[in-house]
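This is run_26.txt. It holds compact mmCIF, C-alpha atoms.
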# COMPACT_ATOMS: atom_id res chain seq x y z
CA MET L 2 63.50 -9.19 -8.12
CA SER L 3 60.39 -11.29 -7.97
CA ARG L 4 61.34 -14.78 -9.00
CA LYS L 5 57.64 -15.70 -9.33
CA LYS L 6 57.39 -13.51 -12.39
CA GLU L 7 60.12 -15.30 -14.26
CA PRO L 8 59.10 -18.06 -16.64
CA ASP L 9 61.14 -21.20 -17.06
CA ILE L 10 63.90 -20.86 -19.54
CA SER L 11 63.09 -22.14 -22.97
CA ALA L 12 65.66 -24.21 -24.77
CA ARG L 13 68.10 -22.20 -26.77
CA ALA L 14 69.77 -24.04 -29.56
CA THR L 15 72.60 -23.20 -31.87
CA THR L 16 72.69 -25.12 -35.08
CA GLY L 17 75.98 -25.99 -36.64
CA LEU L 18 76.81 -26.46 -40.28
CA LEU L 19 78.48 -29.79 -39.77
CA ALA L 20 76.68 -31.11 -36.78
CA GLY L 21 76.02 -34.65 -37.78
CA CYS L 22 72.75 -35.19 -35.99
CA ALA L 23 70.42 -33.41 -33.65
CA ALA L 24 71.91 -35.07 -30.60
CA LEU L 25 75.24 -33.53 -31.39
CA LEU L 26 73.98 -30.00 -31.68
CA ILE L 27 74.78 -27.63 -28.88
CA ALA L 28 71.51 -27.30 -27.08
CA ALA L 29 70.75 -25.67 -23.83
CA VAL L 30 69.71 -27.94 -21.04
CA PRO L 31 68.95 -26.88 -17.52
CA GLY L 32 71.93 -27.45 -15.29
CA ALA L 33 69.79 -28.37 -12.39
CA GLY L 34 70.93 -30.02 -9.23
CA ALA L 35 68.47 -32.15 -7.30
CA ALA L 36 67.98 -29.61 -4.53
CA GLU L 37 68.17 -26.51 -6.66
CA PRO L 38 65.60 -24.98 -8.97
CA PRO L 39 66.70 -25.14 -12.59
CA ARG L 40 68.96 -22.52 -14.02
CA LEU L 41 67.22 -19.79 -15.95
CA TYR L 42 69.92 -19.98 -18.58
CA ASP L 43 73.19 -21.70 -19.36
CA SER L 44 76.66 -20.47 -18.72
CA GLY L 45 78.39 -21.15 -22.01
CA PRO L 46 77.54 -24.10 -24.21
CA ALA L 47 75.64 -26.53 -22.01
CA ARG L 48 77.76 -29.55 -22.90
CA GLY L 49 80.90 -27.81 -24.05
CA ALA L 50 81.86 -26.94 -27.59
CA GLY L 51 84.28 -28.23 -30.18
CA PHE L 52 84.67 -26.79 -33.67
CA ILE L 53 85.11 -28.19 -37.14
CA ARG L 54 85.79 -26.69 -40.54
CA ILE L 55 86.38 -28.24 -43.92
CA ALA L 56 88.88 -27.15 -46.56
CA ASN L 57 88.69 -28.30 -50.15
CA VAL L 58 92.23 -28.94 -51.37
CA SER L 59 91.22 -30.72 -54.55
CA ASN L 60 90.87 -29.05 -57.94
CA GLY L 61 87.15 -29.69 -58.21
CA ILE L 62 83.99 -29.44 -56.14
CA VAL L 63 83.88 -31.32 -52.84
CA SER L 64 80.47 -32.09 -51.37
CA ILE L 65 79.92 -32.92 -47.70
CA THR L 66 76.67 -34.33 -46.39
CA PRO L 67 76.56 -34.53 -42.58
CA ALA L 68 74.28 -37.30 -41.37
CA GLY L 69 70.70 -36.10 -41.49
CA ARG L 70 71.56 -32.68 -42.84
CA ALA L 71 71.76 -30.84 -46.11
CA ARG L 72 74.70 -31.18 -48.49
CA ILE L 73 77.40 -28.53 -48.52
CA ASP L 74 79.34 -27.89 -51.72
CA LEU L 75 82.82 -26.40 -51.54
CA SER L 76 84.18 -25.07 -54.78
CA ALA L 77 87.82 -25.00 -55.81
CA GLU L 78 87.85 -21.21 -55.98
CA ASP L 79 90.18 -20.06 -53.25
CA ALA L 80 87.66 -17.73 -51.63
CA LEU L 81 85.19 -20.58 -51.34
CA ARG L 82 87.42 -23.50 -50.43
CA GLY L 83 87.02 -23.29 -46.67
CA THR L 84 84.05 -23.29 -44.31
CA ARG L 85 83.90 -21.37 -41.08
CA PHE L 86 84.56 -23.17 -37.83
CA GLU L 87 81.19 -24.53 -36.78
CA ALA L 88 80.44 -25.34 -33.16
CA ILE L 89 79.30 -28.81 -32.24
CA THR L 90 78.77 -30.64 -29.01
CA PRO L 91 81.95 -32.64 -28.35
CA GLY L 92 81.66 -36.18 -29.65
CA LYS L 93 81.73 -37.99 -32.94
CA ILE L 94 80.36 -36.64 -36.16
CA ALA L 95 79.77 -38.53 -39.37
CA ALA L 96 79.41 -37.28 -42.91
CA SER L 97 79.68 -38.55 -46.44
CA ILE L 98 82.07 -36.93 -48.88
CA ARG L 99 81.79 -36.79 -52.65
CA ALA L 100 84.53 -35.53 -54.95
CA GLY L 101 84.20 -36.21 -58.65
CA ASN L 102 82.80 -39.72 -58.91
CA GLN L 103 84.37 -40.83 -55.63
CA THR L 104 82.63 -41.10 -52.28
CA ARG L 105 83.77 -41.99 -48.80
CA LYS L 106 82.70 -41.65 -45.19
CA LEU L 107 84.13 -39.16 -42.75
CA ASN L 108 84.08 -39.95 -39.04
CA VAL L 109 85.73 -37.49 -36.69
CA ALA L 110 85.78 -37.28 -32.91
CA ILE L 111 86.04 -33.76 -31.56
CA ALA L 112 86.88 -32.87 -27.96
CA ALA L 113 85.71 -29.87 -25.98
CA ASN L 114 87.57 -26.69 -26.94
CA GLU L 115 89.20 -28.46 -29.86
CA LEU L 116 89.36 -26.85 -33.30
CA VAL L 117 89.48 -29.46 -36.04
CA THR L 118 90.32 -28.71 -39.67
CA VAL L 119 89.63 -31.44 -42.22
CA ALA L 120 91.41 -30.98 -45.53
CA ILE L 121 89.80 -33.00 -48.31
CA GLY L 122 91.61 -33.72 -51.54
CA ILE L 123 92.26 -36.41 -54.10
CA ALA L 124 95.17 -38.79 -53.61
CA ALA L 125 97.54 -39.87 -56.37
CA ASN L 126 95.56 -43.08 -56.85
CA GLY L 127 92.39 -41.06 -57.44
CA SER L 128 90.74 -41.82 -54.11
CA ILE L 129 89.48 -39.17 -51.71
CA SER L 130 92.04 -38.25 -49.07
CA THR L 131 91.32 -36.58 -45.77
CA THR L 132 93.83 -34.99 -43.45
CA VAL L 133 92.63 -34.09 -39.98
CA PHE L 134 94.38 -31.30 -38.07
CA ARG L 135 93.68 -30.71 -34.41
CA GLU L 136 94.46 -27.75 -32.19
CA THR L 137 93.30 -26.63 -28.76
CA PRO L 138 94.46 -23.05 -28.77
CA LYS L 139 95.19 -21.09 -25.63
CA ASP L 140 96.52 -18.00 -27.35
CA PHE L 141 93.31 -16.07 -27.99
CA ASN L 142 94.22 -12.42 -27.74
CA ALA L 143 92.45 -9.43 -29.22
CA LEU L 144 95.66 -7.40 -29.46
CA ARG L 145 97.68 -9.94 -31.44
CA SER L 146 97.20 -11.83 -34.66
CA SER L 147 97.57 -15.59 -34.84
CA LEU L 148 99.18 -17.32 -37.80
CA ALA L 149 99.12 -21.05 -38.49
CA LEU L 150 100.80 -23.18 -41.13
CA PHE L 151 99.11 -26.47 -42.07
CA GLY L 152 101.14 -29.13 -43.86
CA VAL L 153 98.65 -30.80 -46.19
CA ASP L 154 101.05 -31.69 -48.99
CA LYS L 155 102.70 -34.98 -48.11
CA THR L 156 105.74 -34.08 -50.21
CA CYS L 157 106.41 -30.84 -48.34
CA ALA L 158 108.71 -31.74 -45.48
CA ASN L 159 109.68 -29.27 -42.77
CA ALA L 160 107.47 -26.52 -44.09
CA ARG L 161 108.17 -23.04 -42.83
CA LEU L 162 106.38 -19.73 -42.99
CA VAL L 163 108.64 -16.77 -43.58
CA ALA L 164 107.79 -13.10 -43.16
CA ASP L 165 109.21 -10.57 -45.57
CA LYS L 166 112.48 -12.02 -46.83
CA ASN L 167 114.03 -13.97 -44.02
CA THR L 168 112.13 -13.81 -40.75
CA VAL L 169 111.02 -17.34 -39.94
CA VAL L 170 107.64 -17.20 -38.21
CA ILE L 171 106.84 -20.91 -38.11
CA ALA L 172 109.25 -23.74 -38.92
CA GLY L 173 109.44 -27.52 -38.91
CA VAL L 174 105.88 -28.29 -39.91
CA ALA L 175 105.69 -31.92 -40.99
CA PRO L 176 103.06 -33.22 -43.41
CA GLY L 177 99.83 -33.78 -41.51
CA SER L 178 100.71 -31.36 -38.73
CA LEU L 179 100.43 -27.67 -38.06
CA GLY L 180 102.27 -24.89 -36.31
CA ARG L 181 100.75 -21.72 -34.89
CA LYS L 182 102.22 -18.52 -33.50
CA ALA L 183 100.94 -15.19 -32.19
CA VAL L 184 102.36 -12.23 -34.08
CA ASN L 185 101.92 -8.48 -34.13
CA PRO L 186 99.15 -7.22 -36.38
CA VAL L 187 101.19 -5.78 -39.21
CA LYS L 188 101.18 -5.78 -42.98
CA VAL L 189 103.61 -8.46 -44.00
CA ALA L 190 104.56 -10.48 -47.05
CA LEU L 191 104.42 -14.16 -46.17
CA THR L 192 106.00 -17.02 -48.05
CA VAL L 193 105.84 -20.77 -47.51
CA PHE L 194 108.89 -22.92 -48.12
CA CYS L 195 109.32 -26.68 -48.05
CA ALA L 196 112.47 -28.30 -46.64
CA LYS L 197 115.55 -26.69 -48.09
CA GLU L 198 113.86 -25.38 -51.20
CA THR L 199 114.80 -21.80 -51.90
CA ARG L 200 111.78 -21.01 -54.02
CA GLY L 201 108.70 -20.41 -51.94
CA LEU L 202 105.02 -19.75 -52.51
CA PRO L 203 103.39 -16.49 -51.40
CA ALA L 204 100.56 -16.57 -48.87
CA GLU L 205 98.32 -13.59 -49.51
CA LEU L 206 96.91 -12.37 -46.21
CA GLY L 207 97.65 -8.65 -46.54
CA GLN L 208 97.32 -6.53 -43.43
CA LEU L 209 97.01 -8.75 -40.39
CA GLU L 210 94.31 -7.51 -38.03
CA ALA L 211 94.46 -7.50 -34.26
CA GLY L 212 92.46 -10.33 -32.80
CA GLU L 213 92.16 -12.20 -36.08
CA ARG L 214 93.41 -15.72 -36.63
CA TYR L 215 94.73 -16.98 -39.95
CA SER L 216 95.57 -20.32 -41.49
CA VAL L 217 97.95 -21.01 -44.36
CA LEU L 218 97.62 -24.43 -45.98
CA ILE L 219 100.28 -25.80 -48.28
CA PHE L 220 98.82 -28.45 -50.56
CA ALA L 221 99.04 -29.97 -54.00
CA ALA L 222 95.85 -30.78 -55.81
CA GLN L 223 95.97 -33.86 -57.98
CA GLY L 224 97.89 -33.34 -61.17
CA ALA L 225 98.66 -29.74 -60.26
CA ALA L 226 101.58 -27.86 -58.82
CA ARG L 227 102.01 -27.29 -55.12
CA ARG L 228 100.14 -24.20 -53.92
CA VAL L 229 99.01 -22.24 -50.90
CA LEU L 230 95.57 -21.50 -49.50
CA ALA L 231 95.37 -18.58 -47.06
CA LEU L 232 92.30 -18.46 -44.84
CA ARG L 233 90.95 -16.25 -42.12
CA ASP L 234 89.72 -18.42 -39.26
CA GLU L 235 86.09 -17.45 -38.91
CA MET L 236 83.79 -18.87 -36.28
CA ALA L 237 80.10 -19.26 -36.87
CA LEU L 238 77.87 -17.91 -34.12
CA MET S 118 75.69 18.40 -8.46
CA ASN S 119 78.15 15.88 -9.89
CA MET S 120 78.73 16.77 -13.53
CA ALA S 121 81.43 14.19 -14.21
CA LEU S 122 79.66 12.63 -17.20
CA ALA S 123 77.67 15.67 -18.30
CA GLY S 124 76.61 15.50 -21.91
CA LEU S 125 77.86 12.00 -22.59
CA VAL S 126 75.39 9.60 -24.18
CA LEU S 127 75.93 6.14 -22.71
CA LEU S 128 74.45 2.89 -23.96
CA VAL S 129 74.61 0.10 -21.39
CA ILE S 130 73.82 -3.50 -22.38
CA GLY S 131 73.99 -6.60 -20.27
CA ASP S 132 72.56 -9.91 -19.17
CA SER S 133 70.34 -10.92 -16.23
CA HIS S 134 72.29 -8.60 -13.95
CA MET S 135 70.52 -5.83 -15.87
CA VAL S 136 66.99 -7.20 -15.95
CA SER S 137 65.43 -6.77 -12.50
CA GLN S 138 64.55 -3.86 -10.27
CA GLY S 139 67.39 -3.28 -7.86
CA TYR S 140 69.97 -4.88 -10.14
CA LEU S 141 72.49 -2.95 -12.25
CA ILE S 142 69.74 -1.44 -14.36
CA SER S 143 68.86 0.40 -11.16
CA SER S 144 72.17 1.03 -9.45
CA LEU S 145 74.51 1.52 -12.42
CA HIS S 146 71.93 3.40 -14.48
CA GLU S 147 71.12 5.77 -11.61
CA SER S 148 74.79 6.29 -10.74
CA LEU S 149 75.52 7.32 -14.31
CA VAL S 150 72.43 9.51 -14.56
CA SER S 151 73.35 11.21 -11.29
CA GLN S 152 76.56 12.30 -12.96
CA GLN S 153 74.52 13.94 -15.72
CA ALA S 154 75.10 11.32 -18.40
CA ILE S 155 72.30 10.58 -20.86
CA VAL S 156 71.88 6.87 -20.22
CA HIS S 157 70.03 4.15 -22.14
CA SER S 158 70.20 0.73 -20.49
CA TYR S 159 69.14 -2.65 -21.87
CA GLY S 160 69.28 -6.05 -20.23
CA ALA S 161 68.44 -9.44 -21.71
CA CYS S 162 68.43 -12.42 -19.38
CA GLY S 163 70.54 -15.39 -20.44
CA VAL S 164 72.08 -13.88 -23.54
CA ASN S 165 75.70 -14.20 -24.54
CA ALA S 166 77.79 -11.58 -26.33
CA GLY S 167 76.99 -12.99 -29.76
CA ASP S 168 73.26 -12.63 -29.18
CA TRP S 169 73.66 -8.87 -29.20
CA VAL S 170 74.90 -9.12 -32.79
CA TYR S 171 72.08 -11.16 -34.32
CA GLY S 172 69.33 -10.33 -31.86
CA THR S 173 68.57 -11.10 -28.26
CA SER S 174 65.62 -13.31 -27.46
CA GLY S 175 63.64 -13.05 -24.29
CA THR S 176 64.20 -16.49 -22.85
CA CYS S 177 63.92 -15.29 -19.25
CA GLY S 178 63.08 -11.63 -19.44
CA GLN S 179 64.41 -8.37 -20.73
CA ALA S 180 64.42 -4.81 -19.45
CA GLU S 181 65.15 -1.32 -20.63
CA ARG S 182 65.47 2.06 -19.05
CA HIS S 183 65.97 5.49 -20.57
CA GLU S 184 67.39 8.50 -18.79
CA ARG S 185 65.14 9.30 -15.83
CA ALA S 186 62.16 7.25 -17.00
CA ALA S 187 60.92 4.21 -15.13
CA LEU S 188 62.33 0.75 -15.66
CA ARG S 189 60.37 -1.40 -18.12
CA ILE S 190 60.61 -5.17 -17.71
CA ASP S 191 59.10 -7.69 -20.11
CA TYR S 192 59.04 -11.38 -19.20
CA SER S 193 56.95 -12.27 -22.24
CA SER S 194 58.34 -14.94 -24.50
CA ARG S 195 57.16 -12.73 -27.38
CA ALA S 196 59.30 -9.79 -26.31
CA LYS S 197 61.13 -8.31 -29.27
CA GLY S 198 64.86 -8.39 -28.67
CA TRP S 199 67.55 -6.01 -29.78
CA THR S 200 70.75 -5.90 -31.74
CA VAL S 201 73.63 -3.71 -30.73
CA ARG S 202 73.61 -2.16 -34.17
CA GLU S 203 70.03 -0.97 -33.92
CA LEU S 204 70.62 0.37 -30.41
CA ILE S 205 73.70 2.30 -31.52
CA GLU S 206 71.80 3.74 -34.48
CA ARG S 207 68.88 4.65 -32.22
CA HIS S 208 70.85 6.37 -29.45
CA ARG S 209 74.11 7.44 -31.12
CA PRO S 210 76.11 6.83 -27.92
CA ASP S 211 79.51 8.31 -27.17
CA LEU S 212 80.29 5.18 -25.20
CA ILE S 213 78.84 1.70 -24.97
CA VAL S 214 79.22 -0.27 -21.75
CA VAL S 215 78.91 -4.05 -22.11
CA GLN S 216 78.22 -6.03 -18.94
CA MET S 217 78.76 -9.65 -19.87
CA GLY S 218 80.55 -12.70 -18.52
CA ASP S 219 78.49 -15.06 -16.38
CA THR S 220 76.48 -16.40 -19.32
CA MET S 221 79.64 -17.52 -21.10
CA ALA S 222 82.04 -18.77 -18.42
CA GLY S 223 81.04 -22.42 -18.52
CA TYR S 224 80.21 -22.67 -14.82
CA GLY S 225 79.81 -26.35 -13.98
CA GLN S 226 82.02 -27.39 -16.87
CA SER S 227 85.51 -28.76 -16.45
CA SER S 228 87.20 -26.08 -18.52
CA LEU S 229 86.66 -22.54 -19.69
CA PRO S 230 85.23 -22.72 -23.23
CA GLN S 231 87.83 -20.34 -24.60
CA ALA S 232 87.25 -20.79 -28.30
CA TRP S 233 83.48 -20.52 -27.93
CA ILE S 234 83.79 -17.38 -25.81
CA TYR S 235 86.24 -15.85 -28.25
CA GLY S 236 83.80 -16.30 -31.12
CA LYS S 237 80.99 -14.61 -29.19
CA VAL S 238 83.08 -11.77 -27.79
CA ARG S 239 84.81 -11.13 -31.08
CA ALA S 240 81.48 -10.90 -32.88
CA LEU S 241 80.25 -8.21 -30.52
CA THR S 242 83.45 -6.18 -30.34
CA THR S 243 83.69 -6.28 -34.13
CA ALA S 244 80.11 -5.03 -34.45
CA ILE S 245 80.80 -2.19 -32.02
CA ARG S 246 84.05 -1.25 -33.73
CA ALA S 247 82.25 -1.15 -37.06
CA GLN S 248 80.05 1.60 -35.66
CA ASN S 249 83.05 3.59 -34.36
CA VAL S 250 81.82 3.71 -30.79
CA ALA S 251 84.11 3.68 -27.76
CA CYS S 252 83.52 0.66 -25.56
CA MET S 253 84.03 -0.58 -22.02
CA TRP S 254 83.42 -4.16 -20.94
CA VAL S 255 82.40 -5.04 -17.40
CA GLY S 256 83.41 -8.53 -16.30
CA PRO S 257 81.67 -10.76 -13.77
CA PRO S 258 81.75 -10.24 -10.01
CA TRP S 259 82.66 -12.94 -7.52
CA GLY S 260 80.13 -15.60 -6.63
CA SER S 261 80.03 -19.28 -5.82
CA GLY S 262 77.77 -22.26 -5.56
CA GLY S 263 74.05 -22.39 -6.15
CA ARG S 264 72.26 -23.55 -9.23
CA TYR S 265 74.69 -21.76 -11.56
CA GLU S 266 77.70 -23.59 -10.08
CA LYS S 267 79.80 -20.46 -10.18
CA THR S 268 83.21 -20.77 -8.54
CA THR S 269 85.82 -18.30 -7.39
CA ALA S 270 88.46 -20.01 -9.51
CA ARG S 271 86.38 -19.86 -12.70
CA VAL S 272 85.47 -16.21 -12.13
CA ARG S 273 89.15 -15.42 -11.74
CA GLU S 274 89.98 -17.37 -14.91
CA MET S 275 87.12 -15.82 -16.86
CA SER S 276 87.96 -12.31 -15.76
CA HIS S 277 91.58 -12.70 -16.81
CA TYR S 278 90.52 -14.23 -20.11
CA LEU S 279 88.06 -11.44 -20.87
CA SER S 280 90.76 -8.88 -20.23
CA GLN S 281 92.74 -10.53 -23.05
CA VAL S 282 89.95 -10.83 -25.58
CA VAL S 283 87.65 -7.80 -25.24
CA PRO S 284 89.95 -5.12 -26.73
CA PRO S 285 89.38 -2.68 -28.32
CA CYS S 286 86.90 -2.42 -25.46
CA THR S 287 88.52 -1.32 -22.21
CA TYR S 288 88.11 -4.01 -19.57
CA ILE S 289 86.59 -3.17 -16.18
CA ASP S 290 87.56 -5.90 -13.73
CA SER S 291 84.68 -6.36 -11.29
CA THR S 292 86.70 -8.76 -9.15
CA ALA S 293 88.89 -5.83 -8.14
CA PHE S 294 85.96 -4.08 -6.46
CA ALA S 295 85.51 -6.55 -3.59
CA GLY S 296 86.93 -9.76 -2.24
CA PRO S 297 85.37 -13.17 -2.92
CA GLY S 298 82.21 -13.51 -0.84
CA GLU S 299 82.21 -9.87 0.21
CA TRP S 300 79.08 -9.18 -1.80
CA PRO S 301 76.48 -11.81 -0.85
CA THR S 302 74.40 -13.45 -3.54
CA ILE S 303 70.86 -14.81 -3.59
CA ASP S 304 71.71 -17.84 -5.71
CA GLY S 305 75.48 -17.98 -6.05
CA GLN S 306 75.43 -15.57 -8.97
CA HIS S 307 72.94 -12.71 -8.60
CA LEU S 308 73.80 -10.26 -5.86
CA THR S 309 71.70 -8.93 -3.04
CA ALA S 310 70.43 -5.37 -3.29
CA SER S 311 73.38 -3.99 -1.36
CA GLY S 312 75.74 -5.90 -3.63
CA TYR S 313 74.17 -4.46 -6.75
CA ARG S 314 74.41 -0.97 -5.26
CA ALA S 315 78.10 -1.45 -4.55
CA TRP S 316 78.78 -3.04 -7.94
CA GLY S 317 76.89 -0.34 -9.83
CA HIS S 318 78.64 2.48 -8.02
CA SER S 319 82.04 0.87 -8.53
CA ILE S 320 81.43 0.46 -12.25
CA ALA S 321 80.27 4.05 -12.56
CA ASP S 322 83.36 5.27 -10.71
CA SER S 323 85.53 3.28 -13.11
CA ILE S 324 83.75 4.74 -16.11
CA VAL S 325 84.28 8.26 -14.78
CA SER S 326 87.93 7.52 -14.17
CA LEU S 327 88.50 5.85 -17.54
CA THR S 328 86.80 8.64 -19.44
CA GLY S 329 89.18 11.07 -17.77
CA ARG S 330 86.32 12.93 -16.19
CA SER S 331 87.20 12.45 -12.56
CA GLN S 332 86.56 15.67 -10.70
CA LYS S 333 89.64 16.98 -9.00

I'd like the structure from this file rewritten - as structure tokens, please.
Amino acid sequence: MSRKKEPDISARATTGLLAGCAALLIAAVPGAGAAEPPRLYDSGPARGAGFIRIANVSNGIVSITPAGRARIDLSAEDALRGTRFEAITPGKIAASIRAGNQTRKLNVAIAANELVTVAIGIAANGSISTTVFRETPKDFNALRSSLALFGVDKTCANARLVADKNTVVIAGVAPGSLGRKAVNPVKVALTVFCAKETRGLPAELGQLEAGERYSVLIFAAQGAARRVLALRDEMAL
Amino acid sequence: MNMALAGLVLLVIGDSHMVSQGYLISSLHESLVSQQAIVHSYGACGVNAGDWVYGTSGTCGQAERHERAALRIDYSSRAKGWTVRELIERHRPDLIVVQMGDTMAGYGQSSLPQAWIYGKVRALTTAIRAQNVACMWVGPPWGSGGRYEKTTARVREMSHYLSQVVPPCTYIDSTAFAGPGEWPTIDGQHLTASGYRAWGHSIADSIVSLTGRSQK
């Protein structure tokens, strides 16, 4: 190989949906040491990567405007309630949230390799509520499926995810927390229960696929009954 | 004549290890051709697995080689990249071989960027599966130091991680071919000519074995 023929690497940048400002975007930078010529390319994200997604758990449209970027509208239709996980350079991101006639600021710090889910709803007093869930998974596996249960509803204590009629997959999920477990990729009927309640809510995920990751959120939109949102965890490239 | 891979159409894609004369696009390509496979090889310097889904860009060169034709290398910044989908549609391979790892392992970083890697790998394996093509994935060889800050420990970690996340592709563990430091490098990451010869031949032998075409 003739190194003289190779040009310097040009910056390669990946934009993220919720990256709050340009400085937070994952951008390639040469990893040069003082005595070494610069790298021709990066190995992984140059400054690490964290991930964030937003879920609308209200019964109306939620709008997010990351600092310096375009507004994102999330509808209350189940298929459109959640964003993909977007990669950002670890650090703090800021955004403004609008739901109905309410607005508030969102400030979230995200660490390297952390996956953050922000559930946005409307509290009983009519103000915007945000619940931040954090996970740093180590269970990535292309032969298994991964199921998570997110306790968004503050009135749902000890939430549990049950497969078929009585196989407990995840248990003891407190409001504001989550549980996750690797399972075999099978077709299974899933139901979410709260505390000792015997009547559960179905989570419609259908056939679980190998390598896919799923999230089940139990929440209660303002003035509405408790319900479940089932999401496939998708990562933006 | 070694007919172990006779009639098989192989598509090989990779990163900088596939972009220069004397690298895998020489040794691996020629090893496969010598076993009568119909081989189409593509390398794109600096790309990660996800880039093969939405299009590689020639940030530091790209190369291609077809059957017994000469290697073509393009270091132009205007070089048109490829997607795995278009390459599969163009060549209709029986098997795709992905050589990818060093561009994603986070060398120089404190931890392996598992979630980021998973997103990239998953995107590519999903695209390959959608085209119903069998797949093998070649992980990184040993290396250490230099401007890429590669380390033995991270290669070991990355190789193990890739073995968990590349299915349905079959994983080919390059670290099993030689001990750490056994194949010298020119910069801590890219091998010397003898190293690329050994690596290419070892990969080809694995492909023959995994395809069940070893000659008794």

Requested in this report: Might you pull out every residue within 12 Å of Met120 in chain S, with only C-alpha atoms counted and same-chain residues fewer than 3 positions away left off, and present them as a ChimeraX atom specification?
Outcome: /S:123-125,148-155,325,330-333

Selected residues written out, C-alpha atoms, as an mmCIF file, keeping the file's coordinate frame:
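Saved result, out-v1.cif, follows:
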data_model
loop_
_atom_site.group_PDB
_atom_site.id
_atom_site.type_symbol
_atom_site.label_atom_id
_atom_site.label_comp_id
_atom_site.auth_asym_id
_atom_site.auth_seq_id
_atom_site.Cartn_x
_atom_site.Cartn_y
_atom_site.Cartn_z
ATOM 1 C CA ALA S 123 77.670 15.670 -18.300
ATOM 2 C CA GLY S 124 76.610 15.500 -21.910
ATOM 3 C CA LEU S 125 77.860 12.000 -22.590
ATOM 4 C CA SER S 148 74.790 6.290 -10.740
ATOM 5 C CA LEU S 149 75.520 7.320 -14.310
ATOM 6 C CA VAL S 150 72.430 9.510 -14.560
ATOM 7 C CA SER S 151 73.350 11.210 -11.290
ATOM 8 C CA GLN S 152 76.560 12.300 -12.960
ATOM 9 C CA GLN S 153 74.520 13.940 -15.720
ATOM 10 C CA ALA S 154 75.100 11.320 -18.400
ATOM 11 C CA ILE S 155 72.300 10.580 -20.860
ATOM 12 C CA VAL S 325 84.280 8.260 -14.780
ATOM 13 C CA ARG S 330 86.320 12.930 -16.190
ATOM 14 C CA SER S 331 87.200 12.450 -12.560
ATOM 15 C CA GLN S 332 86.560 15.670 -10.700
ATOM 16 C CA LYS S 333 89.640 16.980 -9.000
#

Query raised in the report: What gap, in Å, lies between CA of Lys155 in chain L and CA of Ala175 in chain L?
Result: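 Going from CA of Lys155 in chain L over to CA of Ala175 in chain L covers 8.3 Å.
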
Contacts of Gln138 in chain S within 12 Å, only C-alpha atoms, excl. fewer than 5 positions in-chain, as a tab-separated table (two decimals) with C-alpha atoms, keeping the file's coordinate frame:
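And here is the file that came out, result02.tsv:
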chain	number	residue	atom	x	y	z
L	2	MET	CA	63.50	-9.19	-8.12
L	3	SER	CA	60.39	-11.29	-7.97
L	4	ARG	CA	61.34	-14.78	-9.00
S	133	SER	CA	70.34	-10.92	-16.23
S	143	SER	CA	68.86	0.40	-11.16
S	144	SER	CA	72.17	1.03	-9.45
S	145	LEU	CA	74.51	1.52	-12.42
S	146	HIS	CA	71.93	3.40	-14.48
S	147	GLU	CA	71.12	5.77	-11.61
S	160	GLY	CA	69.28	-6.05	-20.23
S	179	GLN	CA	64.41	-8.37	-20.73
S	180	ALA	CA	64.42	-4.81	-19.45
S	181	GLU	CA	65.15	-1.32	-20.63
S	182	ARG	CA	65.47	2.06	-19.05
S	187	ALA	CA	60.92	4.21	-15.13
S	188	LEU	CA	62.33	0.75	-15.66
S	189	ARG	CA	60.37	-1.40	-18.12
S	190	ILE	CA	60.61	-5.17	-17.71
S	191	ASP	CA	59.10	-7.69	-20.11
S	309	THR	CA	71.70	-8.93	-3.04
S	310	ALA	CA	70.43	-5.37	-3.29
S	313	TYR	CA	74.17	-4.46	-6.75
S	314	ARG	CA	74.41	-0.97	-5.26

Requested in this report: Excluding range 227-230 of chain S and residues on its chain fewer than 5 positions from it, collect all residues at most 10 Å away from it, counting all atoms listed in the file, and give them as a VMD selection string.
Outcome: (chain L and resid 44 to 46 49 to 51 113 to 115) or (chain S and resid 221 to 222 235 271 to 272 274 to 275 278)

Requested in this report: With a cut-off of 6 Å and counting only C-alpha atoms, select all residues of chain S in contact with chain L and give the selection as a VMD selection string.
Outcome: chain S and resid 137 to 138 163 176 to 177 220 to 224 230 236 264 281 to 282 284

Report task. Show which residues sit within 7 Å of range 197-206 of chain L, as a ChimeraX atom specification. Count all atoms listed in the file, and ignore same-chain residues fewer than 2 positions away. Result -> /L:191-195,208-209,217,228-229,231
